[in-house]
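Let me begin by presenting the structure, written as structure tokens, before commenting on it.
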Amino acid sequence: MLYFIVSKDQASWLALAGILFAFVATVSATAKLASRLPKDAGREFAHDGKLSAGKPRGAGIIFVLCFVAAGLLFSPLSAETIIYMISIVLCMLTGFLDDASKMPWGELKKGFLDLCIAVLTAMTFMKYNSTDIELALFHVGLSVPRWLFAVLVVILVWASVNVTNCSDGVDGLSGTLTIITLMTIYTIDRILSVGGDIPFLILLFSVCILGYLWYNATPSRLMMGDAGSRAMGLFISIAILKTGRPFLYIPVALVLILDGGLGLIKVGLLRTCRIRILTRVRTPLHDHVRKIWGWSNTQTVFRFAIIQIILAVAVVYGIGL
């Protein structure tokens, strides 16, 4: 909104104001509204899950709405991006309603809602973008049939939402990994000269997560819940799609994928094919390293983050070659 009022010479100052607004709004709103959030009952099967009992959860509704407000005020949103913002809010709301429910929603219900949002995202992306993509790091162009591309986008979005959701379980972990992933994508955007409003929105979203982490660092005072983790996963998928290299999702979010995705694969194979894998590995992986390997919460966050940063450096270097 403000972007269309100021002159081009003032655009950089407006961007700085937007970033500061996003952080201050998130920190202030969280401090004032945290007490009104639903309280966590403690996760029965998670390592040290009972320690979270009584803490406010669903804080994702705060930082996601602050992100949307900052985007509407300070970013030149296109029609495509506005639809993405609506999808992010819908994804956040489904997660928050689950966070606030006395009886947790079933997996089928949440999976179906995630699928609907993934289809909406895929339809929007295909309306405004080409289906021609490049293979990550190999600079090889591909022209994918539209029907196949649509299926792949739905799978990417659905997977991103769910692996990010499953990785949320240690104070600061999911948010930290998401920031690293998003800033990697932002750097790739700069290298590839990706235009539009997504690069600036990546900065706004990252800053809003930082505002949330102000209260979520170990020992946390509140938790994002499904309201935050699902919205983060959706935004990651949108950001990586806009690079034109969707396969980059694998290296730039590999720790999130392994941490949250292995459990999905393990349970999925067991329920559908009666196949047992990783029988000696607890999932998500952040539970395994804490319970089996004896890592502290802080060690888990730092070591997972270090691994993802190393991968990010390698990817950024490879893209620049």
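In the structure tokens, chains take the letters A, B, ... in the order shown, each chain's residues start at 1, and ligands count up from 1 in the order shown.
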Which residues come within 7 Å of stretch 287-301 of chain A, counting only C-alpha atoms, excluding same-chain residues fewer than 3 positions away, as a ChimeraX atom specification?
/A:46-47,170,172-173,218,281-284,304-305
Could the residues in this selection be written to a file with all heavy atoms, as a PDB file, in the first residue's frame?
ATOM      1  N   ALA A  46       6.331 -37.570  22.692  1.00  0.00           N
ATOM      2  CA  ALA A  46       7.547 -36.846  22.347  1.00  0.00           C
ATOM      3  C   ALA A  46       8.518 -36.852  23.519  1.00  0.00           C
ATOM      4  O   ALA A  46       8.107 -36.876  24.684  1.00  0.00           O
ATOM      5  CB  ALA A  46       7.214 -35.405  21.944  1.00  0.00           C
ATOM      6  N   HIS A  47       9.809 -36.814  23.201  1.00  0.00           N
ATOM      7  CA  HIS A  47      10.825 -36.768  24.253  1.00  0.00           C
ATOM      8  C   HIS A  47      10.689 -35.452  25.018  1.00  0.00           C
ATOM      9  O   HIS A  47      10.708 -34.370  24.433  1.00  0.00           O
ATOM     10  CB  HIS A  47      12.216 -36.872  23.632  1.00  0.00           C
ATOM     11  CG  HIS A  47      13.331 -36.795  24.628  1.00  0.00           C
ATOM     12  ND1 HIS A  47      13.510 -37.741  25.613  1.00  0.00           N
ATOM     13  CD2 HIS A  47      14.318 -35.880  24.791  1.00  0.00           C
ATOM     14  CE1 HIS A  47      14.569 -37.437  26.331  1.00  0.00           C
ATOM     15  NE2 HIS A  47      15.074 -36.292  25.849  1.00  0.00           N
ATOM     16  N   VAL A 170      11.238 -28.914  19.168  1.00  0.00           N
ATOM     17  CA  VAL A 170      12.312 -28.468  20.050  1.00  0.00           C
ATOM     18  C   VAL A 170      12.331 -26.950  20.010  1.00  0.00           C
ATOM     19  O   VAL A 170      12.205 -26.351  18.937  1.00  0.00           O
ATOM     20  CB  VAL A 170      13.679 -29.018  19.605  1.00  0.00           C
ATOM     21  CG1 VAL A 170      14.784 -28.542  20.545  1.00  0.00           C
ATOM     22  CG2 VAL A 170      13.655 -30.538  19.542  1.00  0.00           C
ATOM     23  N   GLY A 172      12.894 -23.479  19.285  1.00  0.00           N
ATOM     24  CA  GLY A 172      13.709 -22.745  18.328  1.00  0.00           C
ATOM     25  C   GLY A 172      14.139 -23.510  17.096  1.00  0.00           C
ATOM     26  O   GLY A 172      14.678 -22.910  16.157  1.00  0.00           O
ATOM     27  N   LEU A 173      13.916 -24.824  17.035  1.00  0.00           N
ATOM     28  CA  LEU A 173      14.463 -25.628  15.933  1.00  0.00           C
ATOM     29  C   LEU A 173      13.793 -25.335  14.597  1.00  0.00           C
ATOM     30  O   LEU A 173      14.459 -24.978  13.619  1.00  0.00           O
ATOM     31  CB  LEU A 173      14.344 -27.116  16.260  1.00  0.00           C
ATOM     32  CG  LEU A 173      14.826 -28.070  15.170  1.00  0.00           C
ATOM     33  CD1 LEU A 173      16.310 -27.863  14.891  1.00  0.00           C
ATOM     34  CD2 LEU A 173      14.558 -29.524  15.553  1.00  0.00           C
ATOM     35  N   THR A 218      15.345 -21.488  23.795  1.00  0.00           N
ATOM     36  CA  THR A 218      15.393 -22.316  25.004  1.00  0.00           C
ATOM     37  C   THR A 218      15.795 -21.489  26.231  1.00  0.00           C
ATOM     38  O   THR A 218      16.785 -20.775  26.188  1.00  0.00           O
ATOM     39  CB  THR A 218      16.412 -23.459  24.818  1.00  0.00           C
ATOM     40  OG1 THR A 218      16.041 -24.222  23.668  1.00  0.00           O
ATOM     41  CG2 THR A 218      16.454 -24.358  26.021  1.00  0.00           C
ATOM     42  N   VAL A 281      15.354 -46.265  14.841  1.00  0.00           N
ATOM     43  CA  VAL A 281      15.468 -44.803  14.773  1.00  0.00           C
ATOM     44  C   VAL A 281      14.162 -44.176  15.213  1.00  0.00           C
ATOM     45  O   VAL A 281      13.096 -44.478  14.657  1.00  0.00           O
ATOM     46  CB  VAL A 281      15.814 -44.335  13.345  1.00  0.00           C
ATOM     47  CG1 VAL A 281      15.869 -42.806  13.286  1.00  0.00           C
ATOM     48  CG2 VAL A 281      17.135 -44.941  12.901  1.00  0.00           C
ATOM     49  N   ARG A 282      14.229 -43.324  16.218  1.00  0.00           N
ATOM     50  CA  ARG A 282      13.052 -42.572  16.642  1.00  0.00           C
ATOM     51  C   ARG A 282      12.815 -41.430  15.671  1.00  0.00           C
ATOM     52  O   ARG A 282      13.770 -40.792  15.199  1.00  0.00           O
ATOM     53  CB  ARG A 282      13.236 -41.996  18.057  1.00  0.00           C
ATOM     54  CG  ARG A 282      13.229 -43.022  19.170  1.00  0.00           C
ATOM     55  CD  ARG A 282      13.476 -42.336  20.514  1.00  0.00           C
ATOM     56  NE  ARG A 282      12.414 -41.381  20.824  1.00  0.00           N
ATOM     57  CZ  ARG A 282      11.366 -41.657  21.598  1.00  0.00           C
ATOM     58  NH1 ARG A 282      11.233 -42.860  22.121  1.00  0.00           N
ATOM     59  NH2 ARG A 282      10.461 -40.740  21.850  1.00  0.00           N
ATOM     60  N   THR A 283      11.580 -41.198  15.359  1.00  0.00           N
ATOM     61  CA  THR A 283      11.234 -40.058  14.519  1.00  0.00           C
ATOM     62  C   THR A 283      10.208 -39.203  15.244  1.00  0.00           C
ATOM     63  O   THR A 283       9.388 -39.739  15.998  1.00  0.00           O
ATOM     64  CB  THR A 283      10.655 -40.523  13.165  1.00  0.00           C
ATOM     65  OG1 THR A 283       9.559 -41.425  13.380  1.00  0.00           O
ATOM     66  CG2 THR A 283      11.726 -41.211  12.338  1.00  0.00           C
ATOM     67  N   PRO A 284      10.274 -37.881  15.029  1.00  0.00           N
ATOM     68  CA  PRO A 284      11.246 -37.140  14.231  1.00  0.00           C
ATOM     69  C   PRO A 284      12.683 -37.302  14.754  1.00  0.00           C
ATOM     70  O   PRO A 284      12.891 -37.670  15.910  1.00  0.00           O
ATOM     71  CB  PRO A 284      10.785 -35.688  14.339  1.00  0.00           C
ATOM     72  CG  PRO A 284       9.636 -35.661  15.260  1.00  0.00           C
ATOM     73  CD  PRO A 284       9.313 -37.003  15.726  1.00  0.00           C
ATOM     74  N   PHE A 304      21.831 -29.063  14.111  1.00  0.00           N
ATOM     75  CA  PHE A 304      20.978 -29.151  12.921  1.00  0.00           C
ATOM     76  C   PHE A 304      21.154 -27.899  12.061  1.00  0.00           C
ATOM     77  O   PHE A 304      21.205 -27.986  10.830  1.00  0.00           O
ATOM     78  CB  PHE A 304      19.521 -29.309  13.330  1.00  0.00           C
ATOM     79  CG  PHE A 304      19.116 -30.727  13.656  1.00  0.00           C
ATOM     80  CD1 PHE A 304      20.023 -31.629  14.189  1.00  0.00           C
ATOM     81  CD2 PHE A 304      17.825 -31.167  13.445  1.00  0.00           C
ATOM     82  CE1 PHE A 304      19.661 -32.936  14.492  1.00  0.00           C
ATOM     83  CE2 PHE A 304      17.441 -32.477  13.741  1.00  0.00           C
ATOM     84  CZ  PHE A 304      18.364 -33.354  14.267  1.00  0.00           C
ATOM     85  N   ALA A 305      21.223 -26.740  12.713  1.00  0.00           N
ATOM     86  CA  ALA A 305      21.389 -25.480  11.973  1.00  0.00           C
ATOM     87  C   ALA A 305      22.741 -25.448  11.264  1.00  0.00           C
ATOM     88  O   ALA A 305      22.834 -25.007  10.108  1.00  0.00           O
ATOM     89  CB  ALA A 305      21.269 -24.289  12.926  1.00  0.00           C
TER      90      ALA A 305
END
DSSP says helix (DSSP H, G or I) for which residues of stretch 125-315 of chain A? Put them as a ChimeraX atom specification?
/A:125-128,146-166,173-192,198-216,225-241,246-252,254-273,285-291,297-315
For A:Tyr128, work out the shell of residues within 10 Å, counting only C-alpha atoms and skipping chain neighbours fewer than 3 positions away, then give it as a count of residues only.
6
For each of A:Ile86, A:Ala41, A:Val68, A:Ala314, take the minimum atom-to-atom distance to A:Ser101, counting only C-alpha atoms, then give the residue where this is smallest.
A:Ala41
Distance query stretch 255-272 of chain A at most 6 Å, only C-alpha atoms, self and fewer than 4 positions along chain excluded, as number ranges by chain
A: 163, 166-167, 276, 283-285
Dump as a PDB file, in the first residue's frame, selection limited to C-alpha atoms:
ATOM      1  CA  VAL A 163       7.720 -32.008   6.980  1.00  0.00           C
ATOM      2  CA  CYS A 166       6.715 -32.546  11.914  1.00  0.00           C
ATOM      3  CA  SER A 167      10.057 -30.855  12.572  1.00  0.00           C
ATOM      4  CA  ARG A 276       8.828 -51.623   8.704  1.00  0.00           C
ATOM      5  CA  THR A 283      11.234 -40.058  14.519  1.00  0.00           C
ATOM      6  CA  PRO A 284      11.246 -37.140  14.231  1.00  0.00           C
ATOM      7  CA  LEU A 285      15.056 -37.196  14.269  1.00  0.00           C
TER       8      LEU A 285
END
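Nearest residue to A:Met232 among A:Met85, A:Leu278, A:Ile155, A:Val315 is A:Met85, counting only C-alpha atoms.
Residues with any atom within 8 Å of stretch 205-210 of chain A, counting only C-alpha atoms and excluding same-chain neighbours fewer than 3 positions away, are Ile19, Ala22, Phe23, Thr26, Phe63, Val64, Cys66, Phe67, Gly175, Thr178, Ile179, Leu182, Met183, Leu201, Ile202, Leu213 and Trp214 of chain A.
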Produce a file of the selected residues containing N, CA and C atoms, as a CSV table (one decimal), in the first residue's frame.
chain,number,residue,atom,x,y,z
A,19,ILE,N,10.8,-3.8,7.3
A,19,ILE,CA,11.6,-4.9,8.1
A,19,ILE,C,11.5,-4.6,9.6
A,22,ALA,N,7.9,-5.2,10.8
A,22,ALA,CA,7.6,-6.6,11.0
A,22,ALA,C,8.2,-7.2,12.3
A,23,PHE,N,9.4,-6.8,12.6
A,23,PHE,CA,10.0,-7.4,13.8
A,23,PHE,C,9.3,-6.8,15.1
A,26,THR,N,5.8,-8.0,15.6
A,26,THR,CA,5.7,-9.4,16.1
A,26,THR,C,6.1,-9.5,17.5
A,63,PHE,N,2.6,-14.3,14.4
A,63,PHE,CA,3.7,-13.8,13.5
A,63,PHE,C,3.3,-13.9,12.0
A,64,VAL,N,2.3,-14.8,11.7
A,64,VAL,CA,1.8,-14.9,10.3
A,64,VAL,C,1.0,-13.7,10.0
A,66,CYS,N,1.2,-10.8,11.5
A,66,CYS,CA,2.2,-9.6,11.4
A,66,CYS,C,2.9,-9.6,10.1
A,67,PHE,N,3.2,-10.8,9.6
A,67,PHE,CA,3.8,-10.8,8.2
A,67,PHE,C,2.9,-10.3,7.2
A,175,GLY,N,11.8,-22.9,13.6
A,175,GLY,CA,11.9,-21.6,13.2
A,175,GLY,C,13.3,-21.2,12.7
A,178,THR,N,13.9,-22.9,9.3
A,178,THR,CA,13.1,-22.2,8.3
A,178,THR,C,13.8,-20.9,7.8
A,179,ILE,N,14.3,-20.2,8.8
A,179,ILE,CA,15.0,-18.9,8.4
A,179,ILE,C,16.3,-19.2,7.6
A,182,LEU,N,15.0,-20.1,4.1
A,182,LEU,CA,14.5,-18.9,3.4
A,182,LEU,C,15.6,-17.9,3.0
A,183,MET,N,16.5,-17.7,3.8
A,183,MET,CA,17.6,-16.8,3.5
A,183,MET,C,18.5,-17.4,2.4
A,201,LEU,N,9.4,-10.3,0.5
A,201,LEU,CA,8.5,-11.0,1.4
A,201,LEU,C,9.2,-12.1,2.2
A,202,ILE,N,10.3,-12.7,1.5
A,202,ILE,CA,11.1,-13.6,2.3
A,202,ILE,C,11.8,-12.9,3.5
A,213,LEU,N,10.9,-16.1,17.7
A,213,LEU,CA,12.0,-16.8,18.3
A,213,LEU,C,12.6,-16.0,19.5
A,214,TRP,N,12.3,-14.7,19.6
A,214,TRP,CA,12.7,-13.9,20.8
A,214,TRP,C,12.1,-14.5,22.0
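Listed by chain and then by rising number, the residues of stretch 118-283 of chain A that DSSP assigns to strand (DSSP E) from the backbone are Asp132, Ile133, Glu134, Leu135, Val140, Gly141, Leu142 and Ser143 of chain A.
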Residues within 10 Å of A:Leu241, please, as a PyMOL selection string. Count only C-alpha atoms; anything in the same chain fewer than 3 positions from it doesn't count.
chain A and resi 122+125+129+133+153+156-157+235-238+244-249
Residues as selected, C-alpha atoms, written as a PDB file, in the first residue's frame, can you do that?
ATOM      1  CA  ALA A 122      -0.460 -25.129  -7.689  1.00  0.00           C
ATOM      2  CA  PHE A 125       1.450 -20.794  -9.709  1.00  0.00           C
ATOM      3  CA  ASN A 129       4.254 -18.847 -14.350  1.00  0.00           C
ATOM      4  CA  ILE A 133      12.197 -25.319 -15.084  1.00  0.00           C
ATOM      5  CA  VAL A 153       3.784 -28.861  -7.447  1.00  0.00           C
ATOM      6  CA  LEU A 156       6.013 -30.357  -3.226  1.00  0.00           C
ATOM      7  CA  VAL A 157       3.633 -28.026  -1.400  1.00  0.00           C
ATOM      8  CA  PHE A 235       5.789 -20.225   2.307  1.00  0.00           C
ATOM      9  CA  ILE A 236       9.004 -22.209   1.768  1.00  0.00           C
ATOM     10  CA  SER A 237       7.361 -24.126  -1.092  1.00  0.00           C
ATOM     11  CA  ILE A 238       6.100 -20.912  -2.714  1.00  0.00           C
ATOM     12  CA  GLY A 244      12.211 -21.581 -11.258  1.00  0.00           C
ATOM     13  CA  ARG A 245      14.257 -24.440  -9.811  1.00  0.00           C
ATOM     14  CA  PRO A 246      11.857 -26.414  -7.607  1.00  0.00           C
ATOM     15  CA  PHE A 247      14.291 -29.315  -7.171  1.00  0.00           C
ATOM     16  CA  LEU A 248      16.442 -26.972  -5.093  1.00  0.00           C
ATOM     17  CA  TYR A 249      13.934 -27.616  -2.324  1.00  0.00           C
TER      18      TYR A 249
END
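Taking atom CA of A:Leu72 and atom CA of A:Asp197 as endpoints, the distance between them is 11.2 Å.
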